$ cat final_34.cif   # mmCIF, C-alpha atoms (C1' of nucleotides)
data_start
#
loop_
_atom_site.label_atom_id
_atom_site.label_comp_id
_atom_site.auth_asym_id
_atom_site.auth_seq_id
_atom_site.Cartn_x
_atom_site.Cartn_y
_atom_site.Cartn_z
CA MET A 1 0.00 0.00 0.00
CA PRO A 2 1.10 3.57 -0.53
CA ARG A 3 1.56 6.19 2.12
CA THR A 4 -1.28 6.17 4.52
CA ILE A 5 -3.58 9.13 4.11
CA ASP A 6 -6.52 10.12 6.28
CA HIS A 7 -9.12 10.50 3.58
CA GLU A 8 -11.82 11.93 5.75
CA GLU A 9 -9.52 14.57 7.11
CA ARG A 10 -8.46 15.49 3.60
CA ARG A 11 -12.02 15.70 2.36
CA GLN A 12 -12.84 18.10 5.16
CA ARG A 13 -9.80 20.20 4.38
CA ILE A 14 -10.95 20.39 0.77
CA GLY A 15 -14.47 21.26 1.85
CA GLU A 16 -13.16 24.13 3.91
CA ALA A 17 -11.14 25.33 0.94
CA VAL A 18 -14.41 25.52 -1.00
CA TRP A 19 -15.91 27.54 1.83
CA ARG A 20 -13.12 30.05 1.79
CA ILE A 21 -13.45 30.60 -1.94
CA VAL A 22 -17.22 30.98 -1.72
CA LEU A 23 -16.78 33.49 1.06
CA ARG A 24 -14.01 35.44 -0.59
CA GLU A 25 -14.98 35.38 -4.27
CA GLY A 26 -18.44 33.86 -4.58
CA VAL A 27 -19.61 30.50 -5.93
CA GLY A 28 -18.74 31.60 -9.42
CA ALA A 29 -15.07 31.37 -8.53
CA VAL A 30 -15.31 27.75 -7.40
CA SER A 31 -13.65 25.44 -9.89
CA LEU A 32 -11.70 22.26 -9.42
CA ARG A 33 -8.52 24.18 -10.12
CA THR A 34 -9.13 27.09 -7.75
CA VAL A 35 -10.16 24.70 -4.99
CA ALA A 36 -7.09 22.55 -5.53
CA ALA A 37 -4.89 25.63 -5.27
CA GLU A 38 -6.68 26.83 -2.13
CA ALA A 39 -6.25 23.41 -0.51
CA GLU A 40 -2.62 23.32 -1.67
CA LEU A 41 -3.24 20.23 -3.72
CA VAL A 42 -2.66 19.32 -7.32
CA LEU A 43 -5.67 18.91 -9.56
CA GLY A 44 -5.03 15.17 -9.85
CA SER A 45 -5.05 14.69 -6.08
CA LEU A 46 -8.20 16.72 -5.62
CA ARG A 47 -9.94 14.65 -8.25
CA HIS A 48 -8.92 11.52 -6.42
CA SER A 49 -11.12 12.64 -3.53
CA PHE A 50 -13.80 14.33 -5.64
CA PRO A 51 -13.96 13.07 -9.23
CA THR A 52 -16.57 15.61 -10.31
CA LYS A 53 -17.50 19.14 -9.42
CA ASP A 54 -21.00 18.14 -8.39
CA ALA A 55 -19.61 15.79 -5.74
CA LEU A 56 -17.37 18.55 -4.46
CA LEU A 57 -20.13 21.13 -4.13
CA ALA A 58 -22.51 18.67 -2.51
CA PHE A 59 -19.88 17.70 0.04
CA ALA A 60 -19.06 21.31 0.85
CA MET A 61 -22.72 21.93 1.67
CA GLU A 62 -23.07 18.68 3.60
CA LEU A 63 -20.02 19.54 5.65
CA ALA A 64 -21.51 22.87 6.68
CA HIS A 65 -24.71 21.16 7.80
CA GLU A 66 -22.84 18.44 9.67
CA ARG A 67 -20.74 20.93 11.56
CA ALA A 68 -23.83 22.86 12.63
CA ALA A 69 -25.69 19.70 13.58
CA ALA A 70 -22.74 18.53 15.66
CA ARG A 71 -22.68 21.80 17.57
CA VAL A 72 -26.41 21.58 18.21
CA GLY A 73 -26.02 18.04 19.51
CA ARG A 74 -23.43 19.18 21.99
CA HIS A 75 -26.12 21.04 23.94
CA ALA A 76 -28.38 18.01 24.28
CA GLY A 77 -27.30 17.43 27.85
CA VAL A 78 -28.09 20.91 29.12
CA ARG A 79 -30.66 20.61 31.91
CA ASP A 80 -32.18 24.08 32.07
CA PRO A 81 -34.85 24.10 29.33
CA TRP A 82 -34.53 27.80 28.66
CA ARG A 83 -30.75 27.65 28.22
CA ARG A 84 -30.98 24.52 26.14
CA ALA A 85 -33.51 26.02 23.72
CA ARG A 86 -31.51 29.22 23.38
CA ALA A 87 -28.21 27.42 22.89
CA ALA A 88 -29.61 25.16 20.18
CA LEU A 89 -31.12 28.03 18.22
CA HIS A 90 -27.95 30.10 18.54
CA GLU A 91 -26.01 27.34 16.85
CA VAL A 92 -27.88 27.80 13.59
CA MET A 93 -27.39 31.56 13.57
CA PRO A 94 -24.14 33.17 12.38
CA LEU A 95 -23.04 34.57 15.74
CA ASP A 96 -19.36 34.00 15.08
CA ASP A 97 -17.21 33.78 12.00
CA GLU A 98 -17.35 29.99 11.83
CA ARG A 99 -21.13 29.97 11.75
CA ARG A 100 -21.12 32.92 9.37
CA VAL A 101 -19.14 30.98 6.78
CA GLU A 102 -21.52 28.05 7.05
CA MET A 103 -24.47 30.35 6.50
CA ARG A 104 -22.96 32.02 3.46
CA VAL A 105 -22.02 28.67 1.95
CA HIS A 106 -25.48 27.33 2.56
CA LEU A 107 -27.12 30.31 0.87
CA ALA A 108 -24.70 30.43 -2.02
CA LEU A 109 -25.07 26.75 -2.83
CA MET A 110 -28.84 26.98 -2.38
CA ALA A 111 -28.78 29.57 -5.13
CA GLU A 112 -27.05 27.04 -7.36
CA SER A 113 -29.50 24.26 -6.60
CA PRO A 114 -31.53 24.60 -9.80
CA ALA A 115 -28.51 23.23 -11.60
CA HIS A 116 -27.60 20.53 -9.06
CA GLU A 117 -30.42 18.41 -7.78
CA ARG A 118 -28.40 17.09 -4.86
CA LEU A 119 -27.89 20.61 -3.55
CA ALA A 120 -31.63 21.17 -3.55
CA GLU A 121 -32.11 17.97 -1.55
CA LEU A 122 -29.49 19.00 0.99
CA ALA A 123 -30.94 22.48 1.33
CA GLY A 124 -34.37 20.96 1.89
CA ALA A 125 -33.06 18.62 4.55
CA ALA A 126 -31.34 21.50 6.34
CA HIS A 127 -34.56 23.50 6.23
CA ASP A 128 -36.51 20.65 7.77
CA ALA A 129 -33.84 20.11 10.40
CA ILE A 130 -34.00 23.72 11.53
CA ARG A 131 -37.76 23.61 11.63
CA GLY A 132 -37.47 20.49 13.76
CA LEU A 133 -35.11 22.31 16.04
CA CYS A 134 -37.61 25.13 16.49
CA LEU A 135 -40.43 22.72 17.21
CA GLU A 136 -38.34 20.87 19.75
CA ALA A 137 -37.28 24.06 21.47
CA LEU A 138 -40.89 25.17 21.80
CA THR A 139 -41.96 21.77 23.04
CA VAL A 140 -39.28 21.75 25.70
CA LEU A 141 -40.27 25.23 26.82
CA ARG A 142 -43.93 24.36 26.94
CA ASP A 143 -43.36 21.19 28.92
CA ALA A 144 -41.34 23.21 31.38
CA GLY A 145 -44.14 25.72 31.70
CA LEU A 146 -42.03 28.51 30.28
CA VAL A 147 -44.45 29.34 27.47
CA ARG A 148 -48.23 29.38 27.41
CA ALA A 149 -49.68 25.88 27.62
CA ASP A 150 -52.35 26.70 25.05
CA LEU A 151 -49.80 27.78 22.43
CA ASP A 152 -50.53 26.42 18.95
CA LEU A 153 -47.19 24.64 18.47
CA ARG A 154 -47.52 24.36 14.70
CA ARG A 155 -48.08 28.04 14.16
CA ALA A 156 -45.57 29.09 16.76
CA THR A 157 -42.99 26.91 15.05
CA THR A 158 -43.64 28.56 11.70
CA THR A 159 -43.11 31.97 13.21
CA LEU A 160 -40.07 31.03 15.28
CA HIS A 161 -38.46 29.32 12.31
CA ALA A 162 -38.97 32.36 10.10
CA LEU A 163 -37.65 34.65 12.81
CA VAL A 164 -34.55 32.51 13.31
CA ASP A 165 -33.81 32.36 9.59
CA GLY A 166 -34.45 36.07 9.13
CA LEU A 167 -32.29 37.05 12.08
CA ALA A 168 -29.61 34.70 10.78
CA LEU A 169 -29.73 36.46 7.42
CA HIS A 170 -29.28 39.83 9.07
CA ALA A 171 -26.46 38.69 11.34
CA MET A 172 -24.72 37.24 8.29
CA ARG A 173 -25.01 40.51 6.41
CA ASP A 174 -23.71 42.62 9.26
CA PRO A 175 -21.80 41.05 12.17
CA ARG A 176 -22.44 44.16 14.23
CA GLN A 177 -26.06 43.04 14.46
CA ARG A 178 -25.18 39.95 16.45
CA ARG A 179 -26.16 41.29 19.84
CA ALA A 180 -29.37 42.79 18.53
CA VAL A 181 -30.19 39.45 16.94
CA VAL A 182 -29.72 37.53 20.17
CA ARG A 183 -31.85 40.05 22.00
CA ALA A 184 -34.61 39.88 19.42
CA LEU A 185 -34.75 36.11 19.77
CA ASP A 186 -34.88 36.36 23.56
CA GLU A 187 -37.65 38.91 23.38
CA HIS A 188 -39.66 36.73 21.07
CA LEU A 189 -39.33 33.67 23.28
CA SER A 190 -40.23 35.75 26.31
CA SER A 191 -43.33 37.04 24.55
CA LEU A 192 -44.64 33.48 24.38
CA ARG A 193 -44.94 33.19 28.13
CA MET B 1 -30.88 57.65 -37.65
CA PRO B 2 -31.44 53.93 -37.85
CA ARG B 3 -34.55 52.11 -36.93
CA THR B 4 -35.97 53.44 -33.76
CA ILE B 5 -35.64 51.11 -30.81
CA ASP B 6 -37.05 51.49 -27.32
CA HIS B 7 -33.89 50.93 -25.36
CA GLU B 8 -35.44 50.87 -21.93
CA GLU B 9 -37.96 48.27 -22.97
CA ARG B 10 -35.21 46.16 -24.44
CA ARG B 11 -33.08 46.42 -21.33
CA GLN B 12 -35.98 45.21 -19.24
CA ARG B 13 -36.61 42.32 -21.62
CA ILE B 14 -32.97 41.35 -21.26
CA GLY B 15 -33.17 41.68 -17.49
CA GLU B 16 -36.10 39.32 -17.43
CA ALA B 17 -34.16 36.87 -19.58
CA VAL B 18 -31.47 36.86 -16.89
CA TRP B 19 -34.14 36.16 -14.30
CA ARG B 20 -35.46 33.16 -16.18
CA ILE B 21 -32.01 31.64 -16.48
CA VAL B 22 -31.22 32.23 -12.82
CA LEU B 23 -34.52 30.62 -11.89
CA ARG B 24 -34.21 27.68 -14.24
CA GLU B 25 -30.50 26.88 -14.15
CA GLY B 26 -28.86 28.99 -11.44
CA VAL B 27 -26.52 31.97 -11.64
CA GLY B 28 -23.76 29.73 -12.86
CA ALA B 29 -25.59 29.37 -16.16
CA VAL B 30 -25.75 33.11 -16.77
CA SER B 31 -23.36 34.14 -19.53
CA LEU B 32 -23.63 36.80 -22.18
CA ARG B 33 -24.33 34.10 -24.73
CA THR B 34 -27.00 32.22 -22.79
CA VAL B 35 -28.76 35.47 -21.94
CA ALA B 36 -28.65 36.62 -25.55
CA ALA B 37 -30.21 33.32 -26.63
CA GLU B 38 -32.89 33.55 -23.94
CA ALA B 39 -33.76 37.09 -25.00
CA GLU B 40 -33.68 36.00 -28.68
CA LEU B 41 -30.89 38.42 -29.45
CA VAL B 42 -27.50 38.09 -31.00
CA LEU B 43 -24.47 38.51 -28.80
CA GLY B 44 -23.56 41.76 -30.54
CA SER B 45 -26.96 43.29 -29.88
CA LEU B 46 -26.97 42.26 -26.27
CA ARG B 47 -23.58 43.83 -25.81
CA HIS B 48 -24.87 47.04 -27.29
CA SER B 49 -27.19 47.32 -24.30
CA PHE B 50 -24.83 45.76 -21.75
CA PRO B 51 -21.15 45.90 -22.72
CA THR B 52 -19.98 43.83 -19.76
CA LYS B 53 -21.33 41.01 -17.68
CA ASP B 54 -21.09 43.04 -14.49
CA ALA B 55 -23.41 45.67 -15.91
CA LEU B 56 -25.85 42.98 -16.93
CA LEU B 57 -25.97 41.32 -13.52
CA ALA B 58 -26.24 44.61 -11.70
CA PHE B 59 -29.14 45.68 -13.88
CA ALA B 60 -30.94 42.38 -13.39
CA MET B 61 -30.82 42.88 -9.64
CA GLU B 62 -31.77 46.53 -9.87
CA LEU B 63 -34.74 45.66 -12.02
CA ALA B 64 -36.04 43.21 -9.41
CA HIS B 65 -35.78 45.87 -6.72
CA GLU B 66 -37.42 48.53 -8.86
CA ARG B 67 -40.35 46.29 -9.67
CA ALA B 68 -40.90 45.53 -6.01
CA ALA B 69 -40.54 49.17 -5.00
CA ALA B 70 -43.04 50.20 -7.66
CA ARG B 71 -45.58 47.72 -6.32
CA VAL B 72 -45.07 48.97 -2.78
CA GLY B 73 -45.57 52.55 -3.91
CA ARG B 74 -48.88 51.64 -5.45
CA HIS B 75 -50.36 51.10 -1.97
CA ALA B 76 -49.31 54.53 -0.71
CA GLY B 77 -52.82 55.87 -1.13
CA VAL B 78 -54.58 53.22 0.94
CA ARG B 79 -56.34 54.92 3.84
CA ASP B 80 -56.84 52.12 6.32
CA PRO B 81 -53.51 51.89 8.21
CA TRP B 82 -53.83 48.19 8.89
CA ARG B 83 -54.49 47.34 5.24
CA ARG B 84 -51.77 49.66 4.05
CA ALA B 85 -49.14 48.13 6.34
CA ARG B 86 -50.12 44.61 5.37
CA ALA B 87 -50.22 45.37 1.67
CA ALA B 88 -46.78 46.97 1.68
CA LEU B 89 -45.17 44.08 3.53
CA HIS B 90 -46.85 41.55 1.28
CA GLU B 91 -45.21 43.14 -1.73
CA VAL B 92 -41.74 42.17 -0.54
CA MET B 93 -42.73 38.57 0.10
CA PRO B 94 -42.93 35.97 -2.68
CA LEU B 95 -46.67 35.43 -2.57
CA ASP B 96 -47.00 34.91 -6.29
CA ASP B 97 -44.70 33.70 -9.03
CA GLU B 98 -43.63 37.19 -10.06
CA ARG B 99 -42.46 38.07 -6.58
CA ARG B 100 -40.93 34.62 -6.22
CA VAL B 101 -38.65 35.18 -9.19
CA GLU B 102 -37.55 38.53 -7.80
CA MET B 103 -36.72 36.93 -4.49
CA ARG B 104 -34.69 34.12 -6.05
CA VAL B 105 -32.80 36.54 -8.23
CA HIS B 106 -32.07 38.77 -5.29
CA LEU B 107 -30.71 35.88 -3.23
CA ALA B 108 -28.74 34.35 -6.07
CA LEU B 109 -27.04 37.61 -6.98
CA MET B 110 -26.43 38.38 -3.32
CA ALA B 111 -24.47 35.14 -3.19
CA GLU B 112 -22.31 36.44 -6.01
CA SER B 113 -21.69 39.79 -4.40
CA PRO B 114 -18.21 39.02 -3.07
CA ALA B 115 -17.07 39.05 -6.69
CA HIS B 116 -19.09 42.09 -7.79
CA GLU B 117 -19.00 45.08 -5.53
CA ARG B 118 -21.98 46.72 -7.19
CA LEU B 119 -24.16 43.73 -6.34
CA ALA B 120 -23.22 44.07 -2.67
CA GLU B 121 -24.22 47.74 -2.76
CA LEU B 122 -27.56 46.94 -4.36
CA ALA B 123 -28.25 44.14 -1.90
CA GLY B 124 -27.45 46.50 0.95
CA ALA B 125 -29.76 49.16 -0.41
CA ALA B 126 -32.58 46.64 -0.75
CA HIS B 127 -32.00 45.48 2.80
CA ASP B 128 -32.22 49.04 4.10
CA ALA B 129 -35.32 49.72 2.01
CA ILE B 130 -37.14 46.74 3.48
CA ARG B 131 -36.11 47.73 6.97
CA GLY B 132 -37.46 51.20 6.23
CA LEU B 133 -40.69 49.66 5.06
CA CYS B 134 -41.03 47.74 8.33
CA LEU B 135 -40.34 50.83 10.39
CA GLU B 136 -42.86 52.83 8.43
CA ALA B 137 -45.51 50.14 8.78
CA LEU B 138 -45.02 50.03 12.54
CA THR B 139 -45.08 53.82 12.79
CA VAL B 140 -48.33 54.01 10.87
CA LEU B 141 -49.88 51.33 13.05
CA ARG B 142 -48.73 53.02 16.25
CA ASP B 143 -49.99 56.42 15.19
CA ALA B 144 -53.33 54.81 14.44
CA GLY B 145 -53.40 53.22 17.88
CA LEU B 146 -53.32 49.71 16.42
CA VAL B 147 -50.20 48.68 18.32
CA ARG B 148 -49.05 49.49 21.85
CA ALA B 149 -48.04 53.13 22.19
CA ASP B 150 -45.05 52.20 24.36
CA LEU B 151 -43.61 49.85 21.75
CA ASP B 152 -39.86 50.24 21.25
CA LEU B 153 -39.97 50.98 17.53
CA ARG B 154 -36.32 50.19 16.91
CA ARG B 155 -36.49 46.75 18.43
CA ALA B 156 -39.86 45.97 16.97
CA THR B 157 -38.53 46.89 13.55
CA THR B 158 -35.60 44.50 13.92
CA THR B 159 -37.95 41.67 14.78
CA LEU B 160 -40.53 42.47 12.12
CA HIS B 161 -37.85 42.80 9.47
CA ALA B 162 -36.34 39.43 10.36
CA LEU B 163 -39.76 37.83 10.42
CA VAL B 164 -40.64 39.25 7.00
CA ASP B 165 -37.36 38.11 5.46
CA GLY B 166 -37.59 34.69 7.07
CA LEU B 167 -41.17 34.16 5.99
CA ALA B 168 -40.20 35.33 2.52
CA LEU B 169 -37.45 32.74 2.43
CA HIS B 170 -39.88 30.00 3.36
CA ALA B 171 -42.54 31.09 0.89
CA MET B 172 -39.89 31.12 -1.80
CA ARG B 173 -38.80 27.59 -0.96
CA ASP B 174 -42.30 26.20 -0.93
CA PRO B 175 -45.19 28.09 -2.54
CA ARG B 176 -47.64 25.96 -0.57
CA GLN B 177 -46.55 27.89 2.52
CA ARG B 178 -47.95 31.14 1.20
CA ARG B 179 -51.13 31.14 3.23
CA ALA B 180 -49.33 30.09 6.39
CA VAL B 181 -46.86 32.91 5.81
CA VAL B 182 -49.55 35.54 5.49
CA ARG B 183 -51.22 34.23 8.63
CA ALA B 184 -47.98 34.25 10.59
CA LEU B 185 -47.42 37.89 9.67
CA ASP B 186 -50.95 38.82 10.68
CA GLU B 187 -50.56 37.03 13.99
CA HIS B 188 -47.34 38.84 14.70
CA LEU B 189 -48.77 42.25 13.95
CA SER B 190 -51.81 41.43 16.07
CA SER B 191 -49.59 40.42 18.96
CA LEU B 192 -48.21 43.96 19.07
CA ARG B 193 -51.57 45.44 20.09
"C1'" DG C 1 -28.84 60.91 -53.68
"C1'" DC C 2 -25.70 61.32 -49.88
"C1'" DA C 3 -23.63 61.04 -45.67
"C1'" DA C 4 -23.98 60.50 -40.92
"C1'" DA C 5 -25.65 57.86 -37.05
"C1'" DC C 6 -27.28 53.95 -34.88
"C1'" DG C 7 -27.98 49.18 -34.40
"C1'" DT C 8 -26.74 44.42 -35.71
"C1'" DA C 9 -23.75 40.73 -36.74
"C1'" DG C 10 -20.01 38.22 -35.93
"C1'" DC C 11 -14.91 37.11 -36.02
"C1'" DA C 12 -10.92 36.40 -33.02
"C1'" DC C 13 -8.23 35.92 -29.01
"C1'" DA C 14 -6.57 34.46 -24.78
"C1'" DG C 15 -8.16 32.32 -20.97
"C1'" DT C 16 -10.67 28.89 -18.07
"C1'" DC C 17 -13.56 25.13 -17.55
"C1'" DG C 18 -14.68 19.81 -16.48
"C1'" DT C 19 -13.12 15.57 -17.39
"C1'" DG C 20 -10.86 11.31 -19.70
"C1'" DC C 21 -6.67 9.41 -19.59
"C1'" DT C 22 -1.89 7.77 -18.84
"C1'" DA C 23 2.57 7.68 -16.46
"C1'" DA C 24 5.22 7.93 -12.48
"C1'" DC C 25 5.84 7.61 -7.50
"C1'" DG C 26 5.76 5.68 -2.68
"C1'" DT C 27 4.85 2.27 0.43
"C1'" DC C 28 3.43 -2.03 2.00
"C1'" DA C 29 2.88 -7.47 2.05
"C1'" DC C 30 5.26 -11.15 0.93
"C1'" DG D 1 13.97 -8.02 -3.75
"C1'" DT D 2 9.57 -8.01 -6.12
"C1'" DG D 3 5.04 -7.37 -7.23
"C1'" DA D 4 0.73 -4.98 -6.13
"C1'" DC D 5 -1.74 -0.99 -5.54
"C1'" DG D 6 -3.19 3.42 -3.45
"C1'" DT D 7 -1.89 7.98 -4.59
"C1'" DT D 8 0.01 11.82 -7.07
"C1'" DA D 9 1.03 14.34 -11.14
"C1'" DG D 10 -0.15 16.19 -15.17
"C1'" DC D 11 -1.17 16.15 -20.28
"C1'" DA D 12 -4.88 16.81 -23.68
"C1'" DC D 13 -9.25 17.71 -25.50
"C1'" DG D 14 -13.29 20.09 -26.79
"C1'" DA D 15 -16.32 23.33 -25.01
"C1'" DC D 16 -17.31 27.69 -23.24
"C1'" DT D 17 -16.10 32.20 -21.30
"C1'" DG D 18 -15.74 37.78 -21.58
"C1'" DT D 19 -14.35 41.16 -24.38
"C1'" DG D 20 -11.86 43.98 -28.20
"C1'" DC D 21 -12.68 44.90 -32.66
"C1'" DT D 22 -14.33 45.45 -37.43
"C1'" DA D 23 -17.72 45.29 -41.10
"C1'" DC D 24 -22.37 45.47 -42.61
"C1'" DG D 25 -27.48 47.15 -42.80
"C1'" DT D 26 -30.86 50.21 -42.10
"C1'" DT D 27 -32.96 54.40 -41.33
"C1'" DT D 28 -33.01 59.39 -40.99
"C1'" DG D 29 -31.93 64.53 -41.96
"C1'" DC D 30 -30.50 67.23 -45.47
#
$ encode --input "final_34.cif" --output "structure tokens"
Amino acid sequence: MPRTIDHEERRQRIGEAVWRIVLREGVGAVSLRTVAAEAELVLGSLRHSFPTKDALLAFAMELAHERAAARVGRHAGVRDPWRRARAALHEVMPLDDERRVEMRVHLALMAESPAHERLAELAGAAHDAIRGLCLEALTVLRDAGLVRADLDLRRATTTLHALVDGLALHAMRDPRQRRAVVRALDEHLSSLR
Amino acid sequence: MPRTIDHEERRQRIGEAVWRIVLREGVGAVSLRTVAAEAELVLGSLRHSFPTKDALLAFAMELAHERAAARVGRHAGVRDPWRRARAALHEVMPLDDERRVEMRVHLALMAESPAHERLAELAGAAHDAIRGLCLEALTVLRDAGLVRADLDLRRATTTLHALVDGLALHAMRDPRQRRAVVRALDEHLSSLR
DNA sequence: GCAAACGTAGCACAGTCGTGCTAACGTCAC
DNA sequence: GTGACGTTAGCACGACTGTGCTACGTTTGC
């Protein structure tokens, strides 16, 4: 066998190279060659991990979702319902640069989804996951008596989900809005008492 | 002089051709040649109206914003404050196919803005315009006594703006959500009484 | 009729793209 | 050592890109 290479680690490094290009120059600048250069790889090596561009783009989006999902999962053990709900929702909003990159990549690749069916699937799955997160947060809060017991969970989820996505959009656009975004979310959750 | 051509009308026709391509195949498929074909023009003619690709993309985004702004302006005369606020906000949400295209184009070109400074400017202006719309709606409602007089307008605007953008995102993704989106907005505005 | 002006058509160039393909390299099992 | 094979390197092709540029038609004012 040849020199032992950690494929998964390399794939992630390549995925992050895609992110950086998307962030810095837009999706239009993503090509196998520019990504290879960004990851300090030769075209041949890159294509060993990702034979086609479609596979590369899909993985870059998947990676962003996985990272976010992993962060959300890390708060599963938090006891206090209020803190748990807040922490989970904060993880899908671009409150630091890491999350900001994920958000931009998600949006940029979503815009390309008409051309790449897999991207549309992934974007849909992410949408559903975030909606699920909102529903779960509201359920937890209701069971803990922290929001009105007669709250229509379905409708409240629709609103919370839209608010989270909208606030995320604004925090992505302007990092200075981060504190205002957190406050707006807190106010909304409080208003459901 | 040669045959008389309505330039503005032609530019708009070309802009709409860009929209259709963005919608159908993503921004990545937008090139001077594909746009010319979509607008049933020859490359040379297209380039008479838009010499460079940057100019073309910027105009396509501008056109979407202008159309939306024009629709919003059409409700300026509505007397009933509640109806006027609702109508204005509805115009920036993709509640029909026309508005849906505008929204997709806006998002797709926003994703390209790292590469094209002008697109970032336009996206920023649109963002501010929608925020202004939200603030105005809330002001009108407050002056009419339809929302709490002690409402913190700044904060309420942040929340309303995020909600509108988030709901817009969801209506764009899935047109079946349109009614739920309208209802969620109504519920939110009602909750400010 | 003539010339000027405007619009259309399209060639040409240098560059980049995705991808098929082959050749060399490095490391392990035996 | 020797063979096997995962990995790296990179050439080559046809297609497509944005843009500079020229030539041609067509219509108008005189």
$ residues_around --input "final_34.cif" --residues "stretch 123-129 of chain B" --least-positions-apart "6" --cutoff "9 Å" --atoms "all atoms listed in the file" --output "list of chain:residue names"
A:His170, A:Arg173, B:Met61, B:His65, B:Ala69, B:His106, B:Leu107, B:Leu109, B:Met110, B:Ser113
$ resolve_selection --input "final_34.cif" --expression "the PyMOL selection byres ((chain A) within 9 of (chain B))" --output "JSON, numbers by chain"
{"A": [22, 23, 24, 25, 26, 27, 28, 29, 104, 105, 107, 108, 109, 110, 111, 112, 113, 114, 115, 116, 124, 127, 155, 156, 158, 159, 160, 161, 162, 163, 164, 165, 166, 167, 168, 169, 170, 173, 180, 181, 183, 184, 185, 188]}
$ resolve_selection --input "final_34.cif" --expression "the PyMOL selection byres ((chain C) within 10 of (chain B))" --output "PyMOL selection string"
chain C and resi 4-10
$ resolve_selection --input "final_34.cif" --expression "the PyMOL selection byres ((chain C and resi 17-24) around 12)" --output "VMD selection string"
(chain A and resid 28 to 34 43 to 44 47 50 to 54) or (chain C and resid 15 to 16 25 to 26) or (chain D and resid 7 to 17)
$ atom_distance --input "final_34.cif" --atom1 "atom CA of A:Ala144" --atom2 "atom CA of A:Met93"
24.1 Å
$ closest_residue --input "final_34.cif" --among "D:DG1, D:DG6, D:DT27, D:DC21" --to "chain B" --atoms "all atoms listed in the file"
D:DT27
$ atom_distance --input "final_34.cif" --atom1 "atom CA of B:Leu56" --atom2 "atom CA of B:Arg71"
22.9 Å
$ closest_atom_pairs --input "final_34.cif" --of "chain D" --to "chain B" --cutoff "9 Å" --atoms "all atoms listed in the file" --output "CSV"
residue,atom,partner,partner_atom,distance
D:DT17,C1',B:Ser31,CA,7.7
D:DG18,C1',B:Lys53,CA,7.5
D:DT19,C1',B:Thr52,CA,7.8
D:DT26,C1',B:Pro2,CA,5.7
D:DT27,C1',B:Pro2,CA,3.8
D:DT28,C1',B:Met1,CA,4.3
D:DG29,C1',B:Met1,CA,8.2
$ write_last_selection --input "final_34.cif" --atoms "C-alpha atoms (C1' of nucleotides)" --output "PDB file, keeping the file's coordinate frame"
ATOM      1  C1'  DT D  17     -16.100  32.200 -21.300  1.00  0.00           C
ATOM      2  C1'  DG D  18     -15.740  37.780 -21.580  1.00  0.00           C
ATOM      3  C1'  DT D  19     -14.350  41.160 -24.380  1.00  0.00           C
ATOM      4  C1'  DT D  26     -30.860  50.210 -42.100  1.00  0.00           C
ATOM      5  C1'  DT D  27     -32.960  54.400 -41.330  1.00  0.00           C
ATOM      6  C1'  DT D  28     -33.010  59.390 -40.990  1.00  0.00           C
ATOM      7  C1'  DG D  29     -31.930  64.530 -41.960  1.00  0.00           C
TER       8       DG D  29
END
$ atom_distance --input "final_34.cif" --atom1 "atom CA of B:Arg67" --atom2 "atom CA of B:Arg83"
20.6 Å
$ residues_around --input "final_34.cif" --residues "B:Ile14" --least-positions-apart "5" --cutoff "10 Å" --atoms "only C-alpha atoms (C1' of nucleotides)" --output "list of chain:residue names"
B:Glu8, B:Glu9, B:Trp19, B:Arg20, B:Val35, B:Ala36, B:Glu38, B:Ala39, B:Glu40, B:Leu41, B:Leu46, B:Ser49, B:Phe50, B:Leu56, B:Phe59, B:Ala60
$ residues_around --input "final_34.cif" --residues "A:Ala68" --least-positions-apart "3" --cutoff "10 Å" --atoms "only C-alpha atoms (C1' of nucleotides)" --output "PyMOL selection string"
chain A and resi 62-65+71-73+88+91-93+98-99+102-103+126
$ write_last_selection --input "final_34.cif" --atoms "C-alpha atoms" --output "tab-separated table (two decimals), in the frame of the given file"
chain	number	residue	atom	x	y	z
A	62	GLU	CA	-23.07	18.68	3.60
A	63	LEU	CA	-20.02	19.54	5.65
A	64	ALA	CA	-21.51	22.87	6.68
A	65	HIS	CA	-24.71	21.16	7.80
A	71	ARG	CA	-22.68	21.80	17.57
A	72	VAL	CA	-26.41	21.58	18.21
A	73	GLY	CA	-26.02	18.04	19.51
A	88	ALA	CA	-29.61	25.16	20.18
A	91	GLU	CA	-26.01	27.34	16.85
A	92	VAL	CA	-27.88	27.80	13.59
A	93	MET	CA	-27.39	31.56	13.57
A	98	GLU	CA	-17.35	29.99	11.83
A	99	ARG	CA	-21.13	29.97	11.75
A	102	GLU	CA	-21.52	28.05	7.05
A	103	MET	CA	-24.47	30.35	6.50
A	126	ALA	CA	-31.34	21.50	6.34
$ closest_residue --input "final_34.cif" --among "A:Asp96, A:Glu136, A:Asp150, A:Asp6" --to "A:Arg193" --atoms "only C-alpha atoms"
A:Asp150
$ closest_residue --input "final_34.cif" --among "B:Leu133, B:Val18, B:Leu146, B:Ala58" --to "B:Ala87" --atoms "all atoms listed in the file"
B:Leu133
$ residues_around --input "final_34.cif" --residues "A:Arg142" --least-positions-apart "3" --cutoff "10 Å" --atoms "all atoms listed in the file" --output "list of chain:residue names"
A:Pro81, A:Glu136, A:Ala137, A:Leu138, A:Thr139, A:Gly145, A:Leu146, A:Val147, A:Arg148, A:Ala149, A:Asp150, A:Leu151, A:Leu153, A:Leu192, A:Arg193
